[in-house]
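**Q** Below is the file model-v9.txt, with compact mmCIF, C-alpha atoms.
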```
# COMPACT_ATOMS: atom_id res chain seq x y z
CA MET A 37 78.35 34.90 119.09
CA ILE A 38 77.91 31.60 117.35
CA VAL A 39 75.78 33.10 114.61
CA GLY A 40 78.28 35.89 114.04
CA LEU A 41 81.05 33.60 112.91
CA PHE A 42 78.99 30.80 111.41
CA ASN A 43 79.78 31.73 107.80
CA TYR A 44 83.50 31.73 108.40
CA TRP A 45 83.35 28.32 110.04
CA ILE A 46 81.51 26.82 107.11
CA VAL A 47 84.13 28.37 104.85
CA ILE A 48 86.91 26.75 106.87
CA ILE A 49 85.23 23.35 106.75
CA LEU A 50 84.85 23.62 102.98
CA MET A 51 88.39 24.87 102.59
CA MET A 52 89.82 22.02 104.59
CA ALA A 53 87.74 19.50 102.65
CA GLY A 54 89.21 20.91 99.45
CA LEU A 55 92.72 20.74 100.87
CA TYR A 56 92.09 17.17 101.97
CA ILE A 57 91.03 16.18 98.46
CA VAL A 58 94.16 17.79 97.03
CA MET A 59 96.46 15.99 99.43
CA SER A 60 94.86 12.59 99.76
CA SER A 61 93.85 11.89 96.19
CA GLY A 62 96.37 10.59 93.73
CA HIS A 63 94.27 11.30 90.69
CA LEU A 64 95.36 14.58 89.10
CA VAL A 65 91.88 15.55 87.88
CA LYS A 66 90.44 14.92 91.32
CA LYS A 67 93.13 17.16 92.75
CA ILE A 68 91.92 19.89 90.41
CA ILE A 69 88.36 19.35 91.67
CA GLY A 70 89.71 19.75 95.20
CA LEU A 71 91.44 22.97 94.23
CA ASN A 72 88.16 24.22 92.82
CA VAL A 73 86.35 23.47 96.07
CA PHE A 74 89.09 25.27 98.00
CA GLN A 75 88.84 28.22 95.65
CA THR A 76 85.08 28.48 95.97
CA SER A 77 85.35 28.47 99.75
CA VAL A 78 87.72 31.43 99.55
CA PHE A 79 85.18 33.19 97.32
CA ILE A 80 82.45 32.63 99.91
CA PHE A 81 84.81 33.98 102.57
CA PHE A 82 85.43 37.22 100.68
CA ILE A 83 81.78 37.73 99.86
CA SER A 84 80.79 37.08 103.47
CA MET A 85 83.20 39.76 104.58
CA GLY A 86 81.68 42.22 102.14
CA THR A 87 78.12 41.77 103.38
CA VAL A 88 76.50 44.43 105.53
CA ASP A 89 73.41 43.91 107.68
CA GLY A 90 70.37 45.30 105.94
CA GLY A 91 72.36 46.09 102.83
CA THR A 92 71.44 45.44 99.25
CA ALA A 93 73.29 44.71 96.02
CA PRO A 94 75.68 47.56 95.14
CA ILE A 95 73.61 49.07 92.35
CA LEU A 96 72.69 52.71 92.82
CA LYS A 97 68.99 53.30 92.83
CA ASP A 98 66.72 55.75 94.56
CA GLY A 99 65.46 54.53 97.87
CA PHE A 100 68.42 52.39 98.84
CA THR A 101 71.18 53.71 101.03
CA VAL A 102 72.93 50.68 102.51
CA PHE A 103 74.94 48.58 100.10
CA SER A 104 77.25 45.63 100.52
CA ASN A 105 80.90 46.33 99.81
CA PRO A 106 81.54 46.26 96.05
CA LEU A 107 85.29 45.74 96.29
CA PRO A 108 85.24 42.03 97.28
CA HIS A 109 82.65 41.47 94.56
CA VAL A 110 85.00 42.85 91.92
CA LEU A 111 87.91 40.83 93.23
CA ILE A 112 85.95 37.60 93.29
CA LEU A 113 84.24 38.15 89.97
CA THR A 114 87.56 38.35 88.19
CA ALA A 115 89.02 35.61 90.36
CA ILE A 116 86.29 33.20 89.22
CA VAL A 117 87.09 33.74 85.57
CA VAL A 118 90.81 33.55 86.16
CA GLY A 119 90.11 30.43 88.21
CA VAL A 120 88.42 28.67 85.32
CA ALA A 121 91.29 29.63 83.03
CA THR A 122 93.84 28.15 85.42
CA THR A 123 91.64 25.08 85.86
CA ALA A 124 91.75 24.62 82.12
CA LEU A 125 95.53 24.98 82.18
CA GLY A 126 95.76 22.34 84.92
CA LEU A 127 93.52 20.02 82.92
CA ALA A 128 95.65 20.56 79.83
CA ILE A 129 98.73 19.59 81.83
CA SER A 130 97.05 16.45 83.15
CA VAL A 131 95.97 15.52 79.63
CA ARG A 132 99.58 15.80 78.51
CA VAL A 133 100.73 13.78 81.51
CA PHE A 134 98.22 11.13 80.57
CA GLU A 135 99.51 11.04 77.01
CA ALA A 136 103.09 10.75 78.19
CA TYR A 137 102.57 8.18 80.97
CA GLY A 138 99.26 6.52 80.22
CA THR A 139 97.99 7.31 83.70
CA VAL A 140 97.17 10.28 85.89
CA GLU A 141 97.65 8.50 89.21
CA GLU A 142 100.42 10.20 91.12
CA ASP A 143 102.05 7.06 92.56
CA GLU A 144 102.05 5.26 89.22
CA ILE A 145 103.73 8.27 87.59
CA THR A 146 106.39 8.34 90.29
CA ALA A 147 106.93 4.61 89.85
CA ILE A 148 107.38 5.01 86.10
CA ASP A 149 109.77 7.90 86.68
CA ARG A 150 111.81 5.83 89.13
CA ASP A 151 111.99 2.95 86.66
CA ASN A 152 113.12 5.28 83.91
CA ARG A 153 115.80 6.78 86.10
CA LYS A 154 117.08 3.34 87.09
CA ARG A 155 117.22 2.36 83.46
CA GLU A 156 119.08 5.52 82.58
CA ILE A 157 121.57 4.94 85.36
CA SER A 158 122.14 1.34 84.32
CA VAL A 159 122.51 2.40 80.69
CA SER A 160 125.03 5.07 81.64
CA THR A 161 127.04 2.62 83.80
CA VAL A 162 127.09 0.15 80.91
CA VAL A 163 128.31 2.93 78.63
CA THR A 164 131.09 3.96 81.02
CA GLU A 165 132.11 0.35 81.58
CA SER A 166 132.38 -0.31 77.86
CA ALA A 167 134.30 2.93 77.43
CA GLN A 168 136.70 1.81 80.13
CA LYS A 169 137.15 -1.57 78.46
CA GLU A 170 137.99 0.15 75.19
CA ARG A 171 140.52 2.31 76.96
CA ASP A 172 142.03 -0.77 78.64
CA GLN A 173 142.48 -2.45 75.32
CA MET B 212 74.00 21.31 102.11
CA LEU B 213 77.27 22.65 100.73
CA VAL B 214 79.15 20.70 103.34
CA ALA B 215 77.26 17.53 102.52
CA THR B 216 78.02 17.93 98.83
CA VAL B 217 81.70 18.44 99.50
CA PHE B 218 81.96 15.38 101.72
CA ALA B 219 80.31 13.38 98.98
CA ILE B 220 83.00 14.62 96.59
CA VAL B 221 85.69 13.62 99.06
CA LYS B 222 84.31 10.10 99.34
CA LEU B 223 83.60 9.42 95.70
CA ASP B 224 86.04 7.53 93.55
CA HIS B 225 83.80 7.70 90.54
CA LEU B 226 84.96 10.97 89.07
CA MET B 227 82.05 11.50 86.72
CA THR B 228 79.70 11.78 89.68
CA ALA B 229 82.20 13.91 91.54
CA VAL B 230 82.30 16.39 88.68
CA MET B 231 78.53 16.54 88.54
CA LEU B 232 78.47 17.20 92.27
CA MET B 233 81.06 19.92 91.75
CA GLY B 234 78.75 21.63 89.30
CA PHE B 235 75.97 21.35 91.85
CA PHE B 236 78.31 22.75 94.50
CA SER B 237 79.01 25.75 92.27
CA LEU B 238 75.33 26.35 91.71
CA LEU B 239 74.67 26.20 95.45
CA SER B 240 77.46 28.63 96.16
CA SER B 241 76.13 30.99 93.53
CA CYS B 242 72.80 30.93 95.38
CA ILE B 243 74.70 31.85 98.52
CA PHE B 244 76.35 34.77 96.72
CA MET B 245 72.90 35.87 95.67
CA ILE B 246 71.69 35.82 99.28
CA LEU B 247 74.76 37.75 100.34
CA ASP B 248 73.88 40.56 97.90
CA ALA B 249 76.68 39.81 95.45
CA VAL B 250 74.61 39.58 92.31
CA ASP B 251 77.47 40.01 89.86
CA VAL B 252 79.47 37.31 91.54
CA ALA B 253 76.48 34.97 91.67
CA PHE B 254 76.04 35.51 87.96
CA THR B 255 79.64 34.69 87.17
CA GLU B 256 79.78 31.68 89.44
CA ALA B 257 76.62 30.22 87.92
CA ALA B 258 77.93 30.67 84.40
CA VAL B 259 81.50 29.61 85.07
CA GLY B 260 81.37 27.09 87.89
CA ALA B 261 78.22 25.25 86.95
CA GLY B 262 78.80 25.62 83.22
CA ALA B 263 82.24 26.07 81.77
CA SER B 264 84.54 24.48 84.32
CA THR B 265 82.31 21.43 84.74
CA ILE B 266 82.38 20.86 81.00
CA PHE B 267 86.15 21.34 80.84
CA ILE B 268 86.71 18.77 83.55
CA LEU B 269 84.32 16.35 81.85
CA ALA B 270 86.19 16.79 78.59
CA ALA B 271 89.46 16.06 80.34
CA LEU B 272 87.95 13.03 82.07
CA ALA B 273 86.87 11.67 78.73
CA ILE B 274 90.57 11.50 77.92
CA VAL B 275 92.12 10.33 81.15
CA GLY B 276 89.52 7.84 82.37
CA ARG B 277 86.74 8.04 84.87
CA THR B 278 87.62 6.31 88.08
CA SER B 279 90.28 7.09 90.58
CA LYS B 280 91.91 4.29 92.52
CA LYS B 281 91.07 3.40 96.10
CA LYS B 282 93.54 5.16 98.29
CA ARG B 283 95.89 3.31 100.55
CA ARG B 284 95.39 3.68 104.26
CA GLU B 285 98.49 5.66 105.25
CA LYS B 286 97.89 8.15 102.50
CA THR B 287 94.60 9.27 104.01
CA ILE B 288 95.71 9.61 107.63
CA VAL B 289 98.56 12.09 107.26
CA PRO B 290 96.50 14.58 105.24
CA LEU B 291 93.65 14.18 107.70
CA ILE B 292 95.92 15.18 110.58
CA ILE B 293 97.34 18.14 108.68
CA VAL B 294 93.90 19.29 107.61
CA THR B 295 92.49 19.03 111.13
CA CYS B 296 95.40 21.02 112.58
CA THR B 297 95.17 23.75 109.92
CA GLY B 298 91.41 23.89 110.30
CA ALA B 299 91.67 24.22 114.08
CA MET B 300 94.19 27.05 113.74
CA LEU B 301 91.99 28.85 111.24
CA LEU B 302 88.96 28.41 113.48
CA TYR B 303 90.95 29.94 116.31
CA ALA B 304 91.85 32.83 114.01
CA THR B 305 88.21 33.54 113.21
CA LEU B 306 87.61 34.43 116.85
CA ASP B 307 89.31 37.73 116.07
CA MET B 308 87.15 38.38 113.02
CA PRO B 309 84.42 41.00 113.17
CA TYR B 310 81.01 39.38 113.18
CA PHE B 311 79.23 38.71 109.95
CA GLY B 312 77.40 41.77 108.67
CA THR B 313 78.83 44.37 111.05
CA PRO B 314 78.89 47.67 109.16
CA ASP B 315 82.00 49.05 110.92
CA ALA B 316 84.28 46.13 110.11
CA PRO B 317 87.69 47.19 108.71
CA VAL B 318 86.69 45.99 105.24
CA HIS B 319 83.98 48.61 105.00
CA THR B 320 85.91 51.60 106.27
CA HIS B 321 88.84 51.94 103.86
CA VAL B 322 88.10 52.69 100.20
CA ALA B 323 84.62 51.21 99.99
CA PRO B 324 82.75 54.33 101.21
CA ARG B 325 84.29 56.38 98.45
CA TYR B 326 83.22 53.87 95.83
CA LEU B 327 79.72 53.75 97.26
CA LEU B 328 79.21 57.46 97.75
CA GLU B 329 81.03 59.01 94.82
CA SER B 330 81.17 56.52 91.98
CA GLY B 331 77.78 57.74 90.77
CA GLU B 332 79.26 61.21 90.34
CA GLU B 333 82.80 60.31 89.31
CA VAL B 334 82.18 57.40 86.98
CA GLY B 335 78.51 57.20 86.21
CA PRO B 336 77.14 53.67 85.94
CA PRO B 337 74.61 52.75 88.61
CA ASN B 338 76.25 49.36 89.04
CA ILE B 339 79.10 50.15 91.41
CA VAL B 340 80.73 46.80 90.75
CA THR B 341 81.14 47.79 87.12
CA SER B 342 82.58 51.19 87.98
CA VAL B 343 85.11 49.67 90.34
CA LEU B 344 85.97 46.86 87.96
CA ALA B 345 86.34 48.90 84.82
CA SER B 346 87.31 52.35 86.02
CA TYR B 347 88.82 52.55 89.50
CA ARG B 348 90.53 49.20 89.15
CA GLY B 349 91.01 49.27 85.41
CA TYR B 350 94.65 48.28 85.74
CA ASP B 351 93.87 45.20 87.82
CA THR B 352 91.16 44.11 85.43
CA PHE B 353 93.58 44.55 82.55
CA GLY B 354 95.93 42.25 84.46
CA GLU B 355 93.17 39.68 84.97
CA ALA B 356 92.33 39.72 81.27
CA GLY B 357 96.05 39.23 80.69
CA VAL B 358 96.08 36.22 83.00
CA VAL B 359 93.16 34.66 81.14
CA PHE B 360 95.02 35.29 77.88
CA THR B 361 98.21 33.75 79.28
CA ALA B 362 96.33 30.67 80.44
CA PHE B 363 94.91 30.40 76.94
CA ILE B 364 98.42 30.52 75.45
CA GLY B 365 99.50 27.88 77.94
CA VAL B 366 96.68 25.55 76.99
CA MET B 367 97.37 26.09 73.31
CA ILE B 368 101.06 25.28 73.76
CA LEU B 369 100.32 22.20 75.86
CA LEU B 370 97.62 20.80 73.64
CA GLY B 371 99.39 21.86 70.48
CA ALA B 372 96.71 23.73 68.61
CA GLY B 373 97.81 24.34 65.05
CA THR B 374 100.26 21.47 64.94
CA ARG B 375 97.41 18.99 64.88
CA LYS B 376 94.85 19.18 62.18
CA SER B 377 91.59 20.50 63.50
CA GLY B 378 88.58 18.22 63.55
CA LEU B 379 87.41 19.89 60.38
CA GLU B 380 90.45 18.98 58.29
CA ARG B 381 91.11 15.58 59.75
CA GLU B 382 89.21 12.70 58.24
CA ALA B 383 88.04 11.43 61.56
CA PRO B 384 85.76 8.41 61.74
CA PRO B 385 82.26 9.54 62.63
CA ASN B 386 82.21 10.04 66.36
CA VAL B 387 79.78 7.54 67.84
CA LYS B 388 79.07 9.47 71.01
CA VAL B 389 78.31 12.68 69.18
CA GLU B 390 76.07 10.94 66.70
CA SER B 391 73.98 9.42 69.44
CA MET B 392 73.67 12.82 71.10
CA ARG B 393 72.25 14.27 67.94
CA GLN B 394 69.62 11.58 67.78
CA LYS B 395 68.27 12.32 71.23
CA ILE B 396 65.27 14.39 70.22
CA VAL B 397 64.54 15.93 73.59
CA LEU B 398 68.09 17.14 74.06
CA ARG B 399 68.26 18.50 70.55
CA GLU B 400 64.95 20.33 70.71
CA VAL B 401 65.76 21.87 74.06
CA ALA B 402 69.15 22.95 72.79
CA ASP B 403 67.61 24.44 69.65
CA LEU B 404 65.25 26.42 71.84
CA LEU B 405 67.96 27.57 74.19
CA ILE B 406 70.93 28.48 72.04
CA ALA B 407 69.58 31.59 70.34
CA PRO B 408 68.11 33.14 73.50
CA VAL B 409 71.32 32.38 75.37
CA LEU B 410 73.35 34.22 72.73
CA VAL B 411 71.00 37.19 72.84
CA PHE B 412 71.09 37.13 76.62
CA ALA B 413 74.90 37.19 76.50
CA LEU B 414 74.76 40.34 74.38
CA TYR B 415 72.25 41.87 76.80
CA VAL B 416 74.52 41.09 79.73
CA GLN B 417 77.42 42.57 77.79
CA TRP B 418 75.80 45.92 76.98
CA HIS B 419 73.69 46.26 80.08
CA GLY B 420 76.50 45.58 82.54
CA ASP B 421 76.74 49.14 83.77
CA PHE B 422 73.07 49.33 84.77
CA GLY B 423 72.32 45.89 86.12
CA PRO B 424 74.47 42.97 87.13
CA GLY B 425 76.63 41.77 84.29
CA GLY B 426 79.59 42.78 82.19
CA GLY B 427 82.27 41.45 79.93
CA PHE B 428 83.36 38.50 82.03
CA GLN B 429 79.87 37.10 82.48
CA ALA B 430 78.81 37.83 78.93
CA GLY B 431 81.91 36.13 77.56
CA VAL B 432 81.28 32.97 79.52
CA ILE B 433 77.57 32.89 78.67
CA PHE B 434 78.32 33.37 74.98
CA ALA B 435 80.91 30.63 75.11
CA SER B 436 78.54 28.25 76.87
CA ALA B 437 75.96 28.69 74.11
CA ILE B 438 78.58 27.69 71.54
CA ILE B 439 79.75 24.82 73.73
CA LEU B 440 76.16 23.61 74.05
CA TYR B 441 75.88 23.64 70.27
CA ALA B 442 79.12 21.71 69.95
CA LEU B 443 77.95 19.16 72.53
CA ILE B 444 74.70 18.46 70.75
CA TYR B 445 75.66 18.71 67.10
CA GLY B 446 79.24 17.59 67.41
CA ILE B 447 82.42 19.53 67.37
CA VAL B 448 82.92 19.52 63.62
CA PRO B 449 79.84 21.60 62.72
CA ALA B 450 80.69 23.98 65.53
CA GLN B 451 84.16 24.41 64.11
CA LYS B 452 82.67 25.07 60.70
CA ILE B 453 80.91 28.08 62.19
CA LEU B 454 83.90 29.21 64.21
CA PRO B 455 87.10 27.95 62.61
CA PRO B 456 89.61 27.47 65.47
CA ARG B 457 92.40 28.98 63.43
CA LYS B 458 90.58 32.29 63.13
CA LEU B 459 89.13 32.03 66.61
CA ALA B 460 92.64 31.89 68.00
CA TYR B 461 93.18 35.54 67.06
CA PHE B 462 90.27 36.80 69.13
CA PRO B 463 91.72 36.60 72.65
CA GLY B 464 94.52 38.83 71.43
CA ILE B 465 92.12 41.19 69.68
CA GLY B 466 90.07 41.62 72.85
CA LEU B 467 93.11 42.32 74.97
CA LEU B 468 94.49 44.76 72.40
CA LEU B 469 91.17 46.60 72.33
CA TYR B 470 91.46 47.01 76.09
CA ALA B 471 95.02 48.26 75.83
CA LEU B 472 94.12 50.53 72.93
CA VAL B 473 91.49 52.30 75.01
CA GLY B 474 94.17 52.94 77.61
CA VAL B 475 96.68 54.22 75.06
CA VAL B 476 94.14 56.48 73.37
CA ALA B 477 93.35 57.95 76.79
CA MET B 478 97.07 58.64 77.17
CA PHE B 479 97.24 60.44 73.83
CA LYS B 480 94.26 62.50 74.82
CA GLY B 481 96.21 63.79 77.79
CA GLY B 482 95.01 61.50 80.59
CA ASN B 483 96.67 58.62 82.36
CA PHE B 484 96.64 55.08 80.99
CA LEU B 485 93.05 53.85 81.18
CA ALA B 486 91.75 57.19 82.49
CA TYR B 487 88.60 57.27 80.39
CA GLY B 488 87.60 60.74 81.51
CA ALA B 489 90.09 62.12 78.99
CA LEU B 490 88.59 60.20 76.08
CA MET B 491 85.90 62.76 75.30
CA ALA B 492 85.15 66.38 76.02
CA ASP B 493 82.69 65.45 78.74
CA PRO B 494 84.39 63.17 81.30
CA HIS B 495 81.12 61.34 81.94
CA ASP B 496 80.73 60.40 78.29
CA GLY B 497 84.38 59.40 78.26
CA GLN B 498 83.87 57.12 81.24
CA HIS B 499 80.76 55.64 79.72
CA TYR B 500 82.25 54.79 76.33
CA GLY B 501 85.58 53.78 77.83
CA ILE B 502 83.88 51.27 80.09
CA LEU B 503 81.75 49.94 77.25
CA ALA B 504 84.84 49.50 75.08
CA ILE B 505 86.91 47.66 77.64
CA GLU B 506 83.96 45.50 78.66
CA LEU B 507 83.67 44.54 75.02
CA GLY B 508 87.38 43.73 74.98
CA ILE B 509 87.00 41.55 78.07
CA GLY B 510 83.94 39.87 76.60
CA ILE B 511 85.73 38.99 73.36
CA THR B 512 88.79 37.71 75.17
CA VAL B 513 86.88 35.58 77.65
CA ALA B 514 84.45 34.10 75.12
CA ALA B 515 87.19 33.27 72.63
CA VAL B 516 89.43 31.78 75.31
CA MET B 517 86.65 29.55 76.65
CA ILE B 518 85.62 28.29 73.21
CA ASN B 519 89.21 27.71 72.20
CA ILE B 520 89.99 25.75 75.33
CA PHE B 521 86.87 23.67 74.91
CA PHE B 522 87.74 22.88 71.30
CA SER B 523 91.30 21.91 72.04
CA LEU B 524 90.35 19.76 75.04
CA SER B 525 87.58 17.94 73.25
CA GLU B 526 89.54 17.49 70.03
CA ARG B 527 92.02 15.45 72.00
CA SER B 528 89.36 12.99 73.02
CA LEU B 529 88.11 12.32 69.50
```
Would you mind writing the structure in this file as structure tokens?
**A**
Amino acid sequence: MIVGLFNYWIVIILMMAGLYIVMSSGHLVKKIIGLNVFQTSVFIFFISMGTVDGGTAPILKDGFTVFSNPLPHVLILTAIVVGVATTALGLAISVRVFEAYGTVEEDEITAIDRDNRKREISVSTVVTESAQKERDQ
Amino acid sequence: MLVATVFAIVKLDHLMTAVMLMGFFSLLSSCIFMILDAVDVAFTEAAVGAGASTIFILAALAIVGRTSKKKRREKTIVPLIIVTCTGAMLLYATLDMPYFGTPDAPVHTHVAPRYLLESGEEVGPPNIVTSVLASYRGYDTFGEAGVVFTAFIGVMILLGAGTRKSGLEREAPPNVKVESMRQKIVLREVADLLIAPVLVFALYVQWHGDFGPGGGFQAGVIFASAIILYALIYGIVPAQKILPPRKLAYFPGIGLLLYALVGVVAMFKGGNFLAYGALMADPHDGQHYGILAIELGIGITVAAVMINIFFSLSERSL
């Protein structure tokens, strides 16, 4: 009973650790690392489901009759490559964020955004006030 | 061991170490895939996870800085609660799962038997993963190659390839880090030894994918990692002299078009899109050459995308 589900439990622990990194860390690159961990745990989950007792790798050869399920393998194989492409996209975004803000810490970015918005609001109120004054004159 | 590695990643604020551990984590998981009979997947994970993605993240870290800040207290507790709750629910859900390795689990009873029993007759290659990937699920794989291509376009737009001068044209001051890498004799000799065999091995994986584990995706990544290794040791400028980024940028498109072309030719020959059986008089030959052609397309796309991304990420940090 315990042995039967052991793989899935490990997967869940890994998955949750990845999720925890994503949520708790403010650093964008570390979030991407967390996503990667999460992703890998899903891969392990799929591959575990595809395994058959006493099976072998799904390559046809004389003398072997039991194979593990090739379908999850195909799915995961492509998912890994797509995963690295999306990772690169995420990294590219964080590089751009860094160039725009000078930081990749989430809370600092939000703080800068809030400052900017305040400044914009104050600028716009100044503009409207001066416009009103002109109209009054 | 996996769990221990992950907890170390969670704890670490020093990102450099965390990335290294992530590479280690990938390597471990590829060993697990190997044990679970998924040789193709193990192959890909080892090449991608432990190689390419680790290097990409390192390149990004070189730009954005290496340490993350200590978290505040309240920011760690809320996620912890959420994670524990989700984890508990998922654990409860696993109680309904069929046990690991049971042959009559739902996964194994739907389409898998057909792939296992008839792919040898219908498609040909002994490696069932290749037949499923390239023939039965040719559409999906075309989509995946498209996703990789789209991600490449995204990275190029974000990092502005083409608008900036490439490292070759720019008169950059000699990069100190790269210079010192070149002077490390051990590293350089090992790299010299490795690069050529790695390239040959990539070609082997490319053309031998229908008999043993391997195929376009793996070959592309392995090829790219050889080039990346060269760029790491000798500096990015010599690497770009060999593969000018401007020309390299065409290759992801060429690969994808080759894939699509195979499909279209099959249509003209009277089959469905990507039905290779129609390509030649003998359906088996058609399948064989069709699969080889699209694997080549995938290989070109993946390799070019990886090298391009590496160039554009590392150019930023110069």
**Q** Counting only C-alpha atoms, which residues come within 6 Å of (79.8, 31.6, 101.9), with the point read in the file's coordinates, and could you list them as an NGL selection string?
**A** :A and (43 or 80-81 or 84)
**Q** Provide the atom CA of Ala253 of chain B to atom CA of Ser241 of chain B distance in Å, to one decimal place.
**A**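 Atom-to-atom, atom CA of Ala253 of chain B to atom CA of Ser241 of chain B, that is 4.4 Å.
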**Q** Which residue gives the smallest distance to Ala128 of chain A among B:Arg527, B:Ala477, B:Val411, B:Thr265, with only C-alpha atoms counted?
**A**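 Of B:Arg527, B:Ala477, B:Val411, B:Thr265, the one nearest Ala128 of chain A, counting only C-alpha atoms, is B:Arg527.
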**Q** From the list B:Lys452, B:Lys480, B:His495, B:His419, which residue is nearest Leu507 of chain B when using all atoms listed in the file?
**A** B:His419
**Q** One decimal, Å: what's the distance from atom CA of Pro463 of chain B over to atom CA of Ala515 of chain B, could you say?
**A** 5.6 Å
**Q** From the list B:Asn338, B:Ser436, B:Ser240, B:Ser523, which residue is nearest chain A when using only C-alpha atoms?
**A** B:Asn338
**Q** Using Å and a single decimal, report how far atom CA of Met300 of chain B sits from atom CA of Thr287 of chain B.
**A** 20.3 Å
**Q** With distances taken over only C-alpha atoms, which of B:Phe462, B:Phe363, B:Phe412, B:Trp418 is nearest to chain A?
**A**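 Ranked by minimum distance to chain A, first place goes to B:Phe363.
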